[in-house]
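Have a look at the structure below, then the notes.
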Amino acid sequence: MTAVIETRGLTKTYGTVRALDGLDLSIPRGGVYGVLGPNGAGKSTLFRILLGLIRPTDGSASVMGGAVGDVAAMRRMGSMIETPRFPPYLTARQVLRWLALEHGIAGEVDIPYWLDRVGLTEAADRKVRGFSVGMMQRLGVAGALLSKPELIILDEPTSGMDPPGIQEMRALIRSLANDDGMTVILASHQLLEVQRVCDRVAILNKGKLVREGAVSELTSVGERLRLSVSPPGKALELLGARGAADGDAVLADVKRSEGPDVIRALVGAGIDIHEARWVGTDLEAIFFTETGAVQAPETIHAG
Ligand SMILES: Nc1ncnc2c1ncn2[C@@H]1O[C@H](COP(=O)(O)OP(=O)(O)OP(=O)(O)O)[C@@H](O)[C@H]1O
């Protein structure tokens, strides 16, 4: 597994605040990597160090094998770390042309292609003054992509977006990883969204790494088979100690390989199965366990 980002003992203090506290992190090349953590966990500080915007107090960080701030490495990276602000009187097309000129790549950039990639073809000649937050974010991503980076860092790419905007951003991020082979690193507070889009995640708390791993592995822990059945009482009787009620459904604590046998046994006993699916731990539950953050009652999931 080649790493695009490696940090060792990375520490950043602001007076008495330890924004990063001895962070050891290795982010593999390829795929979408989520950096999670409650407010103040150190996500933005990490990104700012990786982009060479601030210096660490202690420890080290490397980006694509080079030291942070290395010009050659920086050229292979793109970023959007805040909702971008562009001159309001420019159109989306003019903004991208302006950014391309600024980066000295105006001759090589296919602006219509990037407008299309971020879904802004129809708005290409509208002034950005009237753009929604989502459109601005997408234009910002297009700007970050102009130089065809191998790695792109996005801080809260879906903040302030409505559900269709979030869906479009998710599709774009997945396509950058799947179709363009880019490594995408993002920070987000939208845990369900992160679970949908990321391959791996790191959870930070108070500047330290508290959990890291593939989303599929993290969320498969404690996986159970959830069955909507009638009558549920009879199914629970049959499952014995391996069964538990979950509202109108039952949860069977069985391995994936045992699933078909369990279903056959229930059907054989005259039980109707309306739905069967595997449910694991969601990222939200892992997040609250690892960070000790207090979960609002309405967001607590059963099962
Ligand atoms: N320039 C600064 N001066 C002083 N303290 C700072 C500065 N930048 C960050 N901090 C502090 O460092 C800690 C980490 O902040 P950081 O912005 O990295 O967290 P974050 O995980 O990105 O939070 P959020 O989810 O709110 O964006 C916080 O306690 C913050 O107040």
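Labeling convention for the structure tokens: chains A, B, ... as they appear, residues from 1 per chain, ligands from 1 in order of appearance.
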Q: Write out as a PyMOL selection string the residues lying within 8 Å of A:Ala144, counting only C-alpha atoms and excluding same-chain residues fewer than 5 positions away.
A: chain A and resi 78-80+149+152
Residues of the last selection are to be written out with N, CA and C atoms, as a PDB file, in the first residue's frame.
ATOM      1  N   GLY A  78      -4.400  19.357  -5.476  1.00  0.00           N
ATOM      2  CA  GLY A  78      -5.394  20.416  -5.590  1.00  0.00           C
ATOM      3  C   GLY A  78      -6.127  20.492  -4.259  1.00  0.00           C
ATOM      4  N   SER A  79      -6.789  21.603  -4.004  1.00  0.00           N
ATOM      5  CA  SER A  79      -7.497  21.686  -2.728  1.00  0.00           C
ATOM      6  C   SER A  79      -8.644  22.685  -2.783  1.00  0.00           C
ATOM      7  N   MET A  80      -9.593  22.426  -1.901  1.00  0.00           N
ATOM      8  CA  MET A  80     -10.640  23.423  -1.642  1.00  0.00           C
ATOM      9  C   MET A  80     -10.875  23.342  -0.144  1.00  0.00           C
ATOM     10  N   PRO A 149      -4.636  17.337 -10.735  1.00  0.00           N
ATOM     11  CA  PRO A 149      -3.827  16.846  -9.625  1.00  0.00           C
ATOM     12  C   PRO A 149      -4.011  15.337  -9.413  1.00  0.00           C
ATOM     13  N   ILE A 152      -6.432  15.354  -4.256  1.00  0.00           N
ATOM     14  CA  ILE A 152      -7.220  16.569  -4.002  1.00  0.00           C
ATOM     15  C   ILE A 152      -7.740  16.540  -2.569  1.00  0.00           C
TER      16      ILE A 152
END
Q: Using only C-alpha atoms and all ligand atoms, find each residue with an atom at most 9 Å away from ligand 1 and format the answer as a VMD selection string.
A: chain A and resid 12 to 20 35 to 48 155 to 156 187 to 189 204 to 207
Would you mind listing, for every residue of stretch 124-234 of chain A within 10 Å of stretch 253-256 of chain A, the two atoms forming the shortest contact and the distance between them in Å to one decimal, using only C-alpha atoms, sorted by chain and ascending residue number, as a Markdown table?
| residue | atom | partner | partner_atom | distance |
| --- | --- | --- | --- | --- |
| A:Gly222 | CA | A:Asp253 | CA | 8.4 |
| A:Glu223 | CA | A:Asp253 | CA | 7.6 |
| A:Arg224 | CA | A:Asp253 | CA | 5.0 |
| A:Leu225 | CA | A:Asp253 | CA | 6.6 |
| A:Arg226 | CA | A:Asp253 | CA | 9.0 |
(Q) Applying 12 Å and only C-alpha atoms, which residues near A:Glu237 remain after dropping the ones on its own chain fewer than 3 positions away? List them as a list in words. (A)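 Once the nearby chain positions are removed, what remains is Pro231, Pro232, Gly233, Lys234, Gly240, Ala241, Arg242, Gly243, Ala244, Ala245, Val250, Ala252, Leu266, Ala269 and Ile271 of chain A.
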For the selection just defined, write its residues with C-alpha atoms to a file, as an mmCIF file, in the first residue's frame.
data_model
loop_
_atom_site.group_PDB
_atom_site.id
_atom_site.type_symbol
_atom_site.label_atom_id
_atom_site.label_comp_id
_atom_site.auth_asym_id
_atom_site.auth_seq_id
_atom_site.Cartn_x
_atom_site.Cartn_y
_atom_site.Cartn_z
ATOM 1 C CA PRO A 231 -45.203 -13.780 12.892
ATOM 2 C CA PRO A 232 -42.089 -12.351 14.622
ATOM 3 C CA GLY A 233 -42.776 -14.258 17.864
ATOM 4 C CA LYS A 234 -42.434 -17.595 16.092
ATOM 5 C CA GLY A 240 -33.544 -18.750 20.456
ATOM 6 C CA ALA A 241 -30.526 -16.994 22.006
ATOM 7 C CA ARG A 242 -29.410 -15.798 18.558
ATOM 8 C CA GLY A 243 -32.570 -13.734 18.008
ATOM 9 C CA ALA A 244 -33.596 -10.310 19.270
ATOM 10 C CA ALA A 245 -36.647 -8.175 18.589
ATOM 11 C CA VAL A 250 -36.065 -9.597 14.340
ATOM 12 C CA ALA A 252 -30.446 -12.740 13.949
ATOM 13 C CA LEU A 266 -37.663 -19.910 9.033
ATOM 14 C CA ALA A 269 -41.357 -23.376 9.777
ATOM 15 C CA ILE A 271 -42.767 -18.006 8.680
#
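Proximity to A:Val221 was assessed for A:Asp24, A:Asp70, A:Glu275, A:Asp282 counting only C-alpha atoms; the smallest distance is recorded for A:Asp282.
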(Q) I'd like the interatomic distance between atom CA of A:Thr83 and atom CA of A:Phe287, to a tenth of an Å. (A) 24.9 Å
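If only C-alpha atoms are the atoms counted, then among A:Leu120, A:Gly143, A:Pro84, A:Asp21 the closest residue to A:Leu99 is A:Gly143.
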